[in-house]
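A.B. asks: Could you have a look at this structure, given as C-alpha cells, before my questions?
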4 protein chains.
Amino acid sequence: MQTLIAGGVVVSATGSAPAEVLVEGERIVAVVEPGTQLAESIAEGADLVVDATGKLVVPGGVDAHTHMEMPFGGTRASDTFETGTRAAAFGGTTTIADFAIQRRGESLRRSLDAWFAKADGQCAVDYGFHMILSDVNDQSLAEMDDLVAEGVTSFKLFMAYPGVFYSTDGDIVLAMQRAAAGGSTIMMHAENGIAIDVLVDEALARGDTAPRFHGLTRPERLEAEATHRAVELARVTGAPLYVVHLSASGALEEVVAARDRGQNAFAETCPQYLFLSDEDMARDGFEGAKYVCSPPLRARHHHDALWRGLRTNDLSVVSTDHCPFCFKEQKELGREDFSKIPNGIPGVEHRMDLIFQGVVRKEITLERWVEVTSTTPARMFGLYPRKGVVAPGADADLVVYDPRRRQTLSAESHHMAVDYSAYEGFEITGGVDTVVARGRVVVSGGRYTGARGDGRFVARGLNQYLL
Amino acid sequence: MQTLIAGGVVVSATGSAPAEVLVEGERIVAVVEPGTQLAESIAEGADLVVDATGKLVVPGGVDAHTHMEMPFGGTRASDTFETGTRAAAFGGTTTIADFAIQRRGESLRRSLDAWFAKADGQCAVDYGFHMILSDVNDQSLAEMDDLVAEGVTSFKLFMAYPGVFYSTDGDIVLAMQRAAAGGSTIMMHAENGIAIDVLVDEALARGDTAPRFHGLTRPERLEAEATHRAVELARVTGAPLYVVHLSASGALEEVVAARDRGQNAFAETCPQYLFLSDEDMARDGFEGAKYVCSPPLRARHHHDALWRGLRTNDLSVVSTDHCPFCFKEQKELGREDFSKIPNGIPGVEHRMDLIFQGVVRKEITLERWVEVTSTTPARMFGLYPRKGVVAPGADADLVVYDPRRRQTLSAESHHMAVDYSAYEGFEITGGVDTVVARGRVVVSGGRYTGARGDGRFVARGLNQYLL
Amino acid sequence: MQTLIAGGVVVSATGSAPAEVLVEGERIVAVVEPGTQLAESIAEGADLVVDATGKLVVPGGVDAHTHMEMPFGGTRASDTFETGTRAAAFGGTTTIADFAIQRRGESLRRSLDAWFAKADGQCAVDYGFHMILSDVNDQSLAEMDDLVAEGVTSFKLFMAYPGVFYSTDGDIVLAMQRAAAGGSTIMMHAENGIAIDVLVDEALARGDTAPRFHGLTRPERLEAEATHRAVELARVTGAPLYVVHLSASGALEEVVAARDRGQNAFAETCPQYLFLSDEDMARDGFEGAKYVCSPPLRARHHHDALWRGLRTNDLSVVSTDHCPFCFKEQKELGREDFSKIPNGIPGVEHRMDLIFQGVVRKEITLERWVEVTSTTPARMFGLYPRKGVVAPGADADLVVYDPRRRQTLSAESHHMAVDYSAYEGFEITGGVDTVVARGRVVVSGGRYTGARGDGRFVARGLNQYLL
Amino acid sequence: MQTLIAGGVVVSATGSAPAEVLVEGERIVAVVEPGTQLAESIAEGADLVVDATGKLVVPGGVDAHTHMEMPFGGTRASDTFETGTRAAAFGGTTTIADFAIQRRGESLRRSLDAWFAKADGQCAVDYGFHMILSDVNDQSLAEMDDLVAEGVTSFKLFMAYPGVFYSTDGDIVLAMQRAAAGGSTIMMHAENGIAIDVLVDEALARGDTAPRFHGLTRPERLEAEATHRAVELARVTGAPLYVVHLSASGALEEVVAARDRGQNAFAETCPQYLFLSDEDMARDGFEGAKYVCSPPLRARHHHDALWRGLRTNDLSVVSTDHCPFCFKEQKELGREDFSKIPNGIPGVEHRMDLIFQGVVRKEITLERWVEVTSTTPARMFGLYPRKGVVAPGADADLVVYDPRRRQTLSAESHHMAVDYSAYEGFEITGGVDTVVARGRVVVSGGRYTGARGDGRFVARGLNQYLL
C-alpha cells in the first residue's frame with residue numbers, strides 16, 4: 001500500500017519547503033520535490049493520495065508525558081489507554097510516553113508488566129513507557145539496567161508527595177548514579193513536598209480548604225528550590241536530568257543556569273502553564289478544582305517567561321502531563337479539602353493546537369512548533385529518527401495541519417473521556433486535517449478511521465542529546 | 001543529468017539515518033529509503049552513482065565569514081575569489097558569505113559593485129555578500145534597504161579600528177535602527193578599539209613591538225565590554241545582532257546573558273579560537289606573526305568555554321574569518337611593529353575538518369557539527385532551505401565525508417594561496433571524500449573537477465530565527 | 001571655649017548609645033558616658049551646654065557631590081558657594097565636596113585655582129574639591145599627582161556631553177591608569193552620551209521638544225551600558241571607580257556584579273532618584289523642566305531597587321548632585337527645546353531630611369542613615385576621621401537631630417537660592433535642631449548663627465576603602 | 001577603680017585614631033583626645049594606666065560559634081567552659097556565644113538549663129548561648145519565644161547529621177516561621193546530610209576509610225545546595241538566616257545572590273577555611289584526622305573566594321566553630337572508619353591573630369579586621385553596644401594588640417586543652433599584649449591574671465541588621 005501526501009509544505013525543526021511524502025506500508029520511503037518527473041510518476045503509482053494543498057505536513061506529535069488510567073487517591077485518571085490515545089490521535093499526537101508506576105514493595109518488572117497489560121491491544125497510537133521509581137532499593141536500582149535494555153530508558157522520581165511517590169535526596173543520588181552509569185535519563189517532579197506538606201497542613205488547620213489554597217500552599221519558590229536541588233544532585237552524580245512540567249520563572253532560571261554551564265539538564269513545560277493561571281484556580285465555588293494540578297497554575301506573568309524559555313530552548317519540550325479526572329465524583333472528592341482533589345488536567349488532545357497559537361501570536365516560529373512538540377521529544381527519549389521527523393526510513397506518522405482552520409475547544413466536542421474542558425471556549429486558529437499513524441490514515445475529516453490496537457509499544461533508545 | 005548519492009548515512013541538524021539522495025540538475029529532487037523498490041529503480045535510472053558506503057552525507061558547508069582579496073594596510077588578502085573558493089570546495093564548504101567593504105566617502109552601491117566585479121565569474125562555489133558599513137551617513141543608511149532587496153541582508157560594523165572601519169556608538173545606533181526597521185541583521189566586530197589603541201601606543205612607546213604584544217594590548221575584557229555594549233545598543237534599538245569571531249569566555253558570557261533573556265543576539269566563533277592560543281602568538285622570533293588576528297588568540301582555558309558554547313547553542317555558528325596573508329612580504333610588514341602585521345589567519349579550507357575533531361573528541365554531536373557548519377549559518381543568513389539541508393528542493397550542495405580518514409594539515413598540501421598553515425602538522429581524523437556543488441561533482445578523489453565560475457551569487461533572505 | 005552636647009543619643013554607623021560630646025575649640029575632645037562623675041564635672045566646666053535630650057547626635061553630613069555656581073550652557077547654577085553652603089548647614093551638612101572644572105585647553109592648576117578663588121572666604125561649611133577632567137592630555141595627566149598631593153584626590157570623567165565634558169574611552173583609560181598608579185579615585189558620569197545624542201537629535205527632528213523627552217532620549221539601558229563600560233575599563237586599568245548619581249536598577253546591577261567579584265567599584269545615588277520620577281518630568285506645561293537632570297528621573301519601580309541598594313551597601317553614599325537653576329529665565333531657556341534646559345535639581349539642603357524618611361519608612365536603619373550621609377562619604381573621599389564620626393580628635397561637626405519634628409518642604413521656606421523646590425509640599429518627619437560646624441554653633445532654633453567664611457578648604461586623603 | 005588605656009590607636013569598624021580610653025569599674029566611661037588638658041587630668045586620677053604606645057586598642061573579640069564540652073559520638077569536646085574561655089581570653093576574645101543543645105525528647109528549657117549549669121561560675125569571659133533545635137515540635141516551637149525573652153535569640157538547625165541533629169525541610173519551615181514572627185535569627189548548618197550519608201556509606205563499603213574520604217564524601221556542591229535551600233526556605237518564611245561555617249565558593253555564591261536581592265541572609269566563615277585545606281586532611285597516616293570537621297576543609301582555591309567574601313561583606317563574621325578533640329583517644333576513635341572521627345578543630349585562641357594575617361597580607365583593612373571579629377558579631381547577635389565597640393557605656397572589653405609582635409603557633413604554647421594544634425608552626429605577625437575583660441586586666445605579659453567565674457552570661461537582644 002502506497003500513500004502519497006501531496007501538495008503540502010513539509011515543516012521540520014529547521015525549515016519549511018514544499019515536498020511530497022511517499023508512504024509505503026508503515027514507513028516513509030521518499031520525500032520528493034513537487035513538480036518533478038519523479039513526483040509525477042510516484043503520484044501515478046500511489047494507492048492513495050492525500051491532498052495537502054495549502055496545508056502543512058508535519059511529523060506526528062510526540063507527547064512525552066501522559067498518565068492514562070493512573071491510580072490516584074482511590075480513583076484513577078478517567079482516560080483509558082484506549083480513549084486517551086484516540087484523543088491524542090485526534091489532536092495530531094501519534095506517539096505518547098506514559099508513566100508506569102512502581103508500587104512500593106513491588107519490583108519494577110512486575111509494575112511495568114502491569115502497565116504493559118493495561119496498554120496492550122488498546123492504543124490508537126504508538127506508546128512507550130517511562131518508569132516511576134517510588135521505592136528505590138538495591139533491587140529496583142539493579143532492575144534499571146534491565147529496563148533500559150528493553151526500551152524503557154527514563155526514570156521518574158518525585159521530590160513531592162511524601163508517603164506516596166516521594167524519594168529522599170539519598171534515593172535520588174542512588175538512582176542518579178545508576179542512570180549516569182547506564183546512560184538513562186532521570187525525570188524529576190521538582191517541588192519540595194516536605195515543606196509544602198507543612199504549608200498544606202497549616203492551611204487546612206486554618207480552614208483554608210478551597211481549591212485556590214492548593215496553589216497558595218505550593219509557592220513557586222518551592223518549585224525553584226527543588227529544581228535547583230535536582231540540578232545539583234544531577235551535577236554531583238553526572239546524571240542527565242529532565243525536569244517535568246516546569247511551571248514558573250524561578251524554576252526556569254535554575255534550568256537556564258544549569259544549561260548555561262553545559263550541564264545535561266532539560267525541561268518541559270505544559271500547555272496549562274502557558275495558557276491558564278492561578279485565577280482559574282480561584283474561580284467561584286468549586287470550579288477551581290478543574291484546574292488543580294501540581295505544580296499548580298501560576299500567576300499570569302509567568303506565561304511570558306515560559307514562552308521565552310520555549311524560544312531560547314531552555315524549555316526543550318511541551319508535553320501535556322495529561323491526567324484527567326472528571327469534575328463529578330472525582331474532582332469532587334476534594335470539596336471539603338483541597339488536598340483531596342485529584343491532581344491533573346486533561347490535555348492530550350489539544351497540545352498541538354494550543355502550541356500552534358504560539359506561532360499565530362509570534363511567540364515561536366513554525367519550525368520551533370514542530371521541534372518542541374515532536375522532534376525534540378523524539379530525540380530526547382530515544383525515538384528519533386523513527387519518530388519526530390519527516391524523512392525516509394521514519395515511521396509514517398504524519399499530520400496534515402490546516403493553519404487557517406478555526407475551532408473552539410469544548411468538552412462538548414473533545415474526545416477525551418472527561419466531563420469538562422480546562423480550555424472551554426478557547427478560540428483556536430489552526431487544526432488537524434488528517435492524521436497518518438504508522439502508515440494508516442487514522443483521522444480524516446474529523447472522524448476516527450483507525451482501530452483499537454493500532455498503536456504498539458515502542459522500545460526507546462537513550463537520550464540523543466548526550467555525548 | 002541525474003546523480004545518486006547512495007549507500008551513505010545522511011546527517012542533518014537533528015539526526016542521522018541511511019538514505020539515498022537523488023540529484024537532478026542543480027537540485028536535490030528526492031531523498032529515499034535505501035533498499036526499497038523505489039530506491040532501486042532510481043539507482044537504475046541515474047547517470048552517475050556516487051558510492052557513499054560507510055560515509056556520511058552532509059549538506060555542503062556554509063562559511064559565513066570570509067575576506068577574499070581584502071585590502072588591508074596597503075596589501076591585500078592573498079586568496080582571490082578564485083583560489084579561496086576552490087580551497088573552500090576542497091574543504092567541503094560550498095557556500096561562502098564574503099564581506100564587501102564600503103570605502104569612506106563612497107556609496108554602498110558603488111562599493112558593493114566593486115565586490116560583485118571581483119567575484120563574478122571567478123568562484124568555485126556559490127557566494128553571497130555581507131556589507132561592511134564604514135561610513136554611516138544618511139545616504140548609506142538609506143541604501144541599506146536597497147541592498148536587502150537584492151539579497152545583501154546583513155551589515156557589519158566595527159567597534160575597533162578607529163580611522164578605518166570604526167563606527168561610533170552613534171553610528172551604530174543609526175544603523176541598528178535601520179536594520180530593526182528593515183529586518184536585516186547587524187554583524188559586529190566587538191572590541192573596544194578606542195581603548196585598545198591607547199594600549200597599543202603605550203606598548204610601542206615602551207618598545208614592546210613583538211607579535212605577542214598584539215594580544216597583550218587587546219585584553220579579553222575589552223572584547224567582553226564591546227560585546228556587552230553591542231548587545232545593549234541592539235536592545236535599545238531592537239536590532240538583531242550577530243557577534244562575529246567571538247574569541248573568549250568573557251564575551252561569551254555577555255551573549256549568554258542576552259540570549260537567556262530572549263534577545264535576538266547570536267554569535268559565531270572560529271576554528272582558530274578553538275584550537276590555537278596566545279602561546280602560538282608568542283612563538284620564537286617572528287613566527288608569532290602567523291597567528292596575528294583580531295580579536296587575538298586567547299589563553300587555552302578559553303577553548304573549553306567556547307566548545308561549551310557550541311554545545312549549548314550560545315555560539316550558533318562556526319565561520320573562519322578566512323583572511324590569509326603570506327608570511328613573506330605580508331606578515332613581515334610588521335617585523336618592527338606588531339601593529340603593522342596584517343591581521344588574519346587562513347582557514348576556509350579546514351573548517352569542516354577541524355570542527356569534526358569536536359565530534360571525534362566528544363565535544364559536540366555529529367548533528368551539531370552539521371548544524372554549526374551548515375544548517376545554522378544557512379538559516380541565520382537567509383539561505384535556507386536552498387542551502388544547509390539535504391532535502392528535496394534544496395540546491396544539490398553535498399559533501400560525502402569519510403569519518404575514518406586520517407590526514408595531516410600542512411601548507412605543503414593545502415589549496416589556499418598562502419605560504420604557511422596555522423595548523424601545520426595537525427593530525428585530523430576525517431576528511432572530505434566527494435563534494436557536489438549545485439549538482440556538479442567538484443571535488444573527488446582529492447582532485448578538483450569543477451571550473452572557475454561554477455559558483456554564483458546567491459541573493460539571501462532575512463535571518464530565519466527572527467519572529 | 002568648651003561646648004558640651006548633652007543628653008542625646010549618639011548615632012554612629014554601627015550603633016547608637018547615650019553619650020555626652022565635649023567640644024573644645026574646633027574639635028571633639030571627649031565622648032563620655034552620661035551620669036558619671038566625669039560627665040558631671042565636665043558639664044560644670046563647659047562654657048556652653050547644648051541640650052540634646054530626646055534627640056539624636058550625629059556627625060555632620062558630608063555631601064560629596066555639589067555644583068555651586070556651575071557654568072552650564074551660558075548660565076550658571078543659582079547657588080553661590082555662600083548661599084549653597086549656608087543652605088547645606090541648614091540641612092545638617094557640614095562638609096561639601098564640589099567639582100572644580102577643567103576648561104578645555106586649560107591646565108588643571110589654573111582651573112582649580114579659579115575654583116579656589118570662588119569659594120575662598122565665602123563658605124558656611126568646610127569644602128573640598130574633586131577635579132573634572134575635560135581635557136585629558138599629557139599635561140593634565142601629569143598634574144593629577146600634584147593635585148592628589150594638595151588634597152584633591154578624586155577625578156571625574158564624563159561618558160556623556162560630547163563636545164563639553166565628554167571623554168573618549170581612550171581618555172578614560174589614560175586617566176584611570178594614572179589614578180591606579182597614584183591611588184586616587186575616578187568618579188564617573190556614566191551615560192552613553194554618543195548614543196544619547198543621536199536619540200536627542202531624532203526627537204527634536206520629530207518635534208518632540210517637551211521636557212519629558214529629555215528622559216525618553218536617555219533610556220536607562222544607556223546608563224547601564226556606560227556603567228558596565230566604566231566598570232570594565234576600571235578593571236582593565238586597576239583604578240578605583242566611583243559611579244556618581246546612579247539612577248536606575250540596570251546600572252545598579254552592573255555595580256553589584258563588580259562589587260560581588262571584589263572590584264573597587266562604588267556608587268552613590270541622590271535623593272531625587274529615590275523620591276521623584278519620570279512622572280514629574282511629564283507634568284503639565286513646562287513644569288517638567290524643574291525635574292530635568294541627568295541621568296533623568298526614572299520610573300517609580302526603580303525606587304525600590306535603589307533603596308535596596310542602599311540597604312545592601314551596593315550603593316554606598318547618598319549625595320545630592322546639587323545643581324540649582326531657577327525656573328524663571330534659567331530652566332526657561334529650554335522652552336522650545338528640552339536639550340537647552342539647564343540640567344540639575346536643587347537639593348543640598350534636604351538630603352539629611354529626605355534620607356531620614358528611609359528610616360521612618362523602615363527602608364534603612366538609623367545607623368545606615370548616618371553611614372550613607374556622613375561616615376561613608378568621609379571614608380570614601382579621605383576625610384575620615386576628621387569628618388564622618390563623633391569621636392575625640394574629629395572636627396566638631398555635629399548635628400542635633402530631632403526625630404519627631406514635622407516639617408513641610410517648600411521654596412517658601414528653603415534657604416537655597418532658587419525659585420522652586422523639587423520637593424514642594426513634601427511632608428517630612430524629623431528635622432535639624434542644632435548644627436555645630438568645626439566647634440561653632442551655626443544653626444540653632446531655625447536661625448543661622450554662623451558667618452560667611454567659617455568654612456575652609458579641607459585637603460583630602462585617599463579613599464580609605466582601598467587596600 | 002579607674003583604668004586608663006593610654007597612648008594607643010583605637011581602631012573601630014570605620015576607622016582609626018589615637019585616643020585614650022578611660023575605664024571605670026566594668027565599663028568604658030570616656031574616650032578622650034590624647035594630649036588635651038582633660039586627658040592629662042584623667043591620667044593623673046587613674047588607678048592604673050596601661051601603656052598602649054605603638055599598639056592598637058580594639059574592642060574585645062566576639063566569637064559567635066563555640067562548642068565547649070560538646071558531647072559528640074560518645075565523647076565530648078576537650079575544652080571545658082573554664083579552659084576554653086581562658087584560651088579565648090589569651091587570644092583576645094572576651095565574649096563567646098556557645099551552643100546549647102536540645103536533646104531529642106527534651107524541652108528547650110531543660111536542655112538550656114543544663115548548659116547554664118555547665119558554664120555557670122566557670123568562665124573567664126562573658127558568654128551567651130544559641131540554642132540548637134534537634135527536635136522541632138509544638139512544644140519546642142512554643143518555647144522559642146521564651147528563650148528570646150531571656151536573651152537566647154538565635155536558633156540553630158542542621159541540614160546534616162540525620163538521626164542526630166538533622167531537621168527536615170518541614171521542621172525548618174516551622175522553626176523559621178516562628179523565628180520570623182519573633183524576630184530571632186535562624187543559624188544553619190548547611191550541608192545536604194541525606195545525600196552525604198549515601199556517599200559515606202558507599203565509601204565505607206568500598207573500603208575507603210581514611211580521613212581524606214571525610215572530605216570526598218562531602219562535596220562542596222552539597223554545601224552549596226543546602227545553602228541555597230536554606231536561603232529559599234528563609235525567603236518563603238521571611239526568617240533572618242545566618243549560615244554558619246561557610247567553607248567554599250559555591251555556598252558563598254548562594255549567599256551573595258540572596259544578599260544582592262536584599263534578603264536578610266548572613267554568613268560566617270572560620271579561620272580553618274581560610275588557612276587550611278583538603279591537603280591537610282590527606283596527610284600521611286592518620287594525621288589527617290586532626291583536620292576533620294564539617295563542612296570539610298576545601299581545596300586551596302576557595303581561600304581567595306572566602307577572603308574576597310570577607311572584603312565584600314558577603315561574609316559578615318569570622319567565628320571559630322571551636323570544637324576540640326584530642327588526637328589521642330578522641331580523634332583515634334575513627335582510625336578504621338573516618339565517619340567515627342569526632343568532627344571539629346580547636347581554634348578559639350587563634351582567631352584574632354589568624355585574621356590579623358589578612359591585614360598583614362592586605363586581604364582586608366585593619367578596620368575590617370575589627371568589624372568581622374568583634375563589631376559585626378556583636379551587632380548580629382544583639383550584644384552591641386555593650387560589646388563590639390570602644391565607646392562610653394560599653395563593657396570595658398578591650399584588647400591592646402601589638403601589630404609588630406612575632407609568634408609561632410604550637411600545641412606546646414597554646415592554652416586550649418587539646419593535644420595538637422591545627423596551626424602547628426604557623427608564623428604569625430601580631431599578638432595580644434593586654435586583655436581587659438569587663439574592666440579587669442585578665443591577660444598581661446603573656447600571663448593570665450583573671451579568675452574562674454569572671455565571665456558572666458549575657459542576655460542578648462535581636463539581630464541589629466534587621467529593620
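Residue numbering restarts at 1 in every chain; chains get A, B, ... in the order shown in the C-alpha cells, and ligands count up from 1 in that same order.
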Could you give me, as an mmCIF file with C-alpha atoms, in the first residue's frame, the residues within 9 Å of His415 in chain D, counting only C-alpha atoms and dropping anything in the same chain fewer than 3 positions from it?
C.D. replies:
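Below is the file that was written, selection29.cif:
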data_model
loop_
_atom_site.group_PDB
_atom_site.id
_atom_site.type_symbol
_atom_site.label_atom_id
_atom_site.label_comp_id
_atom_site.auth_asym_id
_atom_site.auth_seq_id
_atom_site.Cartn_x
_atom_site.Cartn_y
_atom_site.Cartn_z
ATOM 1 C CA THR D 83 39.718 26.048 79.810
ATOM 2 C CA GLY D 84 38.088 27.157 76.612
ATOM 3 C CA ARG D 86 40.574 31.139 79.296
ATOM 4 C CA ALA D 87 42.155 30.238 75.984
ATOM 5 C CA ALA D 88 39.741 32.678 74.346
ATOM 6 C CA PHE D 90 44.553 34.661 75.807
ATOM 7 C CA GLU D 349 42.532 31.089 70.909
ATOM 8 C CA ALA D 411 50.392 22.952 70.869
ATOM 9 C CA GLU D 412 53.409 23.489 73.115
ATOM 10 C CA VAL D 418 43.862 19.762 73.342
#
A.B. asks: Sorted by chain and rising residue number, which residues of chain D lie within 9 Å of chain A, and what are their closest atom pairs and distances in Å to one decimal, counting only C-alpha atoms, as a tab-separated table?
C.D. replies:
residue	atom	partner	partner_atom	distance
D:Thr168	CA	A:Ile194	CA	7.5
D:Asp169	CA	A:Ala195	CA	5.4
D:Gly170	CA	A:Ala195	CA	4.5
D:Asp171	CA	A:Ala195	CA	8.1
D:Ile172	CA	A:Ala195	CA	8.2
D:Val173	CA	A:Ala195	CA	6.4
D:Leu174	CA	A:Val198	CA	7.6
D:Asn192	CA	A:Asp169	CA	8.2
D:Gly193	CA	A:Gly170	CA	8.8
D:Ile194	CA	A:Gly170	CA	5.4
D:Ala195	CA	A:Gly170	CA	4.5
D:Ile196	CA	A:Gly170	CA	7.8
D:Asp197	CA	A:Gly170	CA	7.5
D:Val198	CA	A:Gly170	CA	5.8
D:Leu199	CA	A:Val173	CA	8.6
D:Pro219	CA	A:Val236	CA	8.0
D:Arg221	CA	A:Glu232	CA	6.7
D:Leu222	CA	A:Glu232	CA	7.5
D:Ala224	CA	A:Glu232	CA	8.6
D:Glu225	CA	A:Arg229	CA	6.0
D:Ala226	CA	A:Arg229	CA	8.2
D:His228	CA	A:Glu225	CA	7.4
D:Arg229	CA	A:Glu225	CA	6.0
D:Glu232	CA	A:Glu225	CA	6.4
D:Leu233	CA	A:Leu222	CA	7.9
D:Arg235	CA	A:Arg221	CA	8.3
D:Val236	CA	A:Arg221	CA	7.0
A.B. asks: Can you write just those residues out, N, CA, C and O atoms, as a compact mmCIF listing (two decimals), in the first residue's frame?
C.D. replies:
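That gives us result_12.txt:
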# COMPACT_ATOMS: atom_id res chain seq x y z
N THR D 168 14.22 18.09 59.12
CA THR D 168 13.67 18.01 57.77
C THR D 168 13.35 19.42 57.29
O THR D 168 13.28 20.37 58.08
N ASP D 169 13.13 19.54 55.98
CA ASP D 169 12.73 20.85 55.45
C ASP D 169 11.42 21.31 56.09
O ASP D 169 11.19 22.51 56.22
N GLY D 170 10.59 20.37 56.48
CA GLY D 170 9.35 20.74 57.17
C GLY D 170 9.63 21.32 58.54
O GLY D 170 9.05 22.34 58.94
N ASP D 171 10.53 20.69 59.27
CA ASP D 171 10.94 21.23 60.57
C ASP D 171 11.50 22.64 60.40
O ASP D 171 11.23 23.54 61.19
N ILE D 172 12.31 22.78 59.38
CA ILE D 172 12.96 24.07 59.14
C ILE D 172 11.91 25.15 58.87
O ILE D 172 11.99 26.26 59.41
N VAL D 173 10.93 24.80 58.05
CA VAL D 173 9.86 25.76 57.78
C VAL D 173 9.18 26.19 59.07
O VAL D 173 8.96 27.37 59.32
N LEU D 174 8.87 25.22 59.90
CA LEU D 174 8.17 25.53 61.14
C LEU D 174 9.01 26.43 62.06
O LEU D 174 8.52 27.43 62.61
N ASN D 192 23.88 18.98 52.72
CA ASN D 192 22.82 18.01 52.46
C ASN D 192 23.24 16.66 53.04
O ASN D 192 23.84 15.81 52.38
N GLY D 193 22.89 16.48 54.33
CA GLY D 193 23.34 15.29 55.04
C GLY D 193 22.72 14.00 54.54
O GLY D 193 23.32 12.92 54.68
N ILE D 194 21.54 14.10 53.97
CA ILE D 194 20.88 12.90 53.45
C ILE D 194 21.66 12.35 52.26
O ILE D 194 21.91 11.15 52.16
N ALA D 195 22.03 13.23 51.37
CA ALA D 195 22.81 12.80 50.21
C ALA D 195 24.23 12.39 50.64
O ALA D 195 24.78 11.40 50.16
N ILE D 196 24.79 13.16 51.55
CA ILE D 196 26.15 12.87 52.02
C ILE D 196 26.22 11.47 52.63
O ILE D 196 27.17 10.71 52.37
N ASP D 197 25.21 11.11 53.41
CA ASP D 197 25.28 9.81 54.08
C ASP D 197 25.28 8.65 53.08
O ASP D 197 25.87 7.60 53.35
N VAL D 198 24.64 8.85 51.93
CA VAL D 198 24.73 7.83 50.88
C VAL D 198 26.17 7.71 50.40
O VAL D 198 26.72 6.60 50.26
N LEU D 199 26.81 8.84 50.19
CA LEU D 199 28.19 8.82 49.70
C LEU D 199 29.14 8.23 50.75
O LEU D 199 30.08 7.50 50.41
N PRO D 219 31.06 16.67 49.19
CA PRO D 219 31.48 17.58 48.13
C PRO D 219 30.88 18.97 48.31
O PRO D 219 29.80 19.12 48.88
N ARG D 221 29.48 20.95 46.39
CA ARG D 221 28.17 21.23 45.79
C ARG D 221 27.04 20.88 46.76
O ARG D 221 25.95 21.44 46.68
N LEU D 222 27.27 19.94 47.65
CA LEU D 222 26.21 19.59 48.60
C LEU D 222 26.14 20.60 49.75
O LEU D 222 25.13 20.67 50.44
N ALA D 224 26.73 23.88 48.86
CA ALA D 224 26.08 24.94 48.07
C ALA D 224 24.58 24.67 47.94
O ALA D 224 23.76 25.57 48.09
N GLU D 225 24.25 23.42 47.66
CA GLU D 225 22.83 23.07 47.51
C GLU D 225 22.07 23.38 48.79
O GLU D 225 21.02 24.02 48.77
N ALA D 226 22.60 22.92 49.91
CA ALA D 226 21.89 23.13 51.18
C ALA D 226 21.80 24.62 51.50
O ALA D 226 20.79 25.09 52.03
N HIS D 228 21.62 27.03 49.35
CA HIS D 228 20.54 27.55 48.51
C HIS D 228 19.18 27.21 49.10
O HIS D 228 18.28 28.05 49.16
N ARG D 229 19.05 26.00 49.53
CA ARG D 229 17.77 25.56 50.10
C ARG D 229 17.43 26.35 51.35
O ARG D 229 16.29 26.81 51.53
N GLU D 232 16.25 29.71 50.35
CA GLU D 232 14.89 29.71 49.79
C GLU D 232 13.84 29.50 50.88
O GLU D 232 12.77 30.12 50.85
N LEU D 233 14.13 28.62 51.81
CA LEU D 233 13.15 28.41 52.89
C LEU D 233 13.04 29.67 53.75
O LEU D 233 11.94 30.04 54.19
N ARG D 235 13.43 32.60 52.58
CA ARG D 235 12.71 33.56 51.73
C ARG D 235 11.20 33.30 51.79
O ARG D 235 10.41 34.23 51.88
N VAL D 236 10.85 32.04 51.77
CA VAL D 236 9.43 31.68 51.81
C VAL D 236 8.81 32.06 53.16
O VAL D 236 7.67 32.50 53.23
A.B. asks: Which distance in Å separates CA of Arg405 in chain A and CA of Gly7 in chain A, to one decimal?
C.D. replies: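 Atom-to-atom, CA of Arg405 in chain A and CA of Gly7 in chain A are spaced 17.3 Å apart.
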A.B. asks: Neighbours of range 45-48 of chain B within 9 Å (only C-alpha atoms; same-chain residues fewer than 6 positions away dropped), as a list in words?
C.D. replies: Met1, Gln2, Thr3, Leu4, Ile5, Leu22 and Val23 of chain B
A.B. asks: Could the residues in this selection be saved with all heavy atoms as a CSV table (one decimal), in the first residue's frame?
C.D. replies:
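Ended up saving to out38.csv:
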chain,number,residue,atom,x,y,z
B,1,MET,N,20.6,15.4,-16.3
B,1,MET,CA,21.6,14.7,-15.6
B,1,MET,C,21.2,14.3,-14.2
B,1,MET,O,20.9,15.2,-13.4
B,1,MET,CB,22.9,15.5,-15.5
B,1,MET,CG,24.0,15.1,-14.5
B,1,MET,SD,25.2,14.0,-15.2
B,1,MET,CE,26.2,13.6,-13.8
B,2,GLN,N,21.1,13.0,-13.9
B,2,GLN,CA,20.8,12.6,-12.5
B,2,GLN,C,22.0,11.9,-11.8
B,2,GLN,O,22.6,11.1,-12.4
B,2,GLN,CB,19.6,11.5,-12.6
B,2,GLN,CG,18.3,12.2,-12.9
B,2,GLN,CD,17.2,11.3,-12.5
B,2,GLN,OE1,17.3,10.0,-12.6
B,2,GLN,NE2,16.0,11.8,-12.1
B,3,THR,N,22.2,12.4,-10.6
B,3,THR,CA,23.3,11.8,-9.8
B,3,THR,C,22.7,11.2,-8.6
B,3,THR,O,21.8,11.9,-7.9
B,3,THR,CB,24.3,12.8,-9.5
B,3,THR,OG1,24.8,13.4,-10.7
B,3,THR,CG2,25.5,12.2,-8.7
B,4,LEU,N,23.1,10.0,-8.2
B,4,LEU,CA,22.6,9.4,-7.0
B,4,LEU,C,23.7,9.3,-6.0
B,4,LEU,O,24.7,8.7,-6.3
B,4,LEU,CB,21.9,8.1,-7.3
B,4,LEU,CG,21.2,7.4,-6.0
B,4,LEU,CD1,20.0,8.2,-5.6
B,4,LEU,CD2,20.9,6.0,-6.3
B,5,ILE,N,23.5,9.8,-4.8
B,5,ILE,CA,24.5,9.6,-3.7
B,5,ILE,C,23.9,8.4,-2.9
B,5,ILE,O,22.9,8.6,-2.2
B,5,ILE,CB,24.6,10.8,-2.8
B,5,ILE,CG1,24.6,12.1,-3.6
B,5,ILE,CG2,25.8,10.7,-1.9
B,5,ILE,CD1,25.8,12.3,-4.5
B,22,LEU,N,18.9,11.8,-4.4
B,22,LEU,CA,18.9,11.9,-5.9
B,22,LEU,C,19.0,13.4,-6.3
B,22,LEU,O,18.2,14.2,-5.8
B,22,LEU,CB,17.6,11.3,-6.4
B,22,LEU,CG,17.4,11.4,-7.9
B,22,LEU,CD1,18.5,10.5,-8.6
B,22,LEU,CD2,16.0,10.9,-8.3
B,23,VAL,N,19.9,13.6,-7.1
B,23,VAL,CA,20.2,15.0,-7.6
B,23,VAL,C,19.8,15.0,-9.1
B,23,VAL,O,20.2,14.2,-9.9
B,23,VAL,CB,21.7,15.3,-7.5
B,23,VAL,CG1,22.0,16.7,-8.1
B,23,VAL,CG2,22.1,15.3,-6.0
A.B. asks: Would you return as a VMD selection string the members of range 46-293 of chain B that DSSP assigns to alpha helix (DSSP H) on this structure's backbone?
C.D. replies: chain B and resid 81 to 90 108 to 119 138 to 149 169 to 182 193 to 205 212 to 216 220 to 237 249 to 260 271 to 275 278 to 281
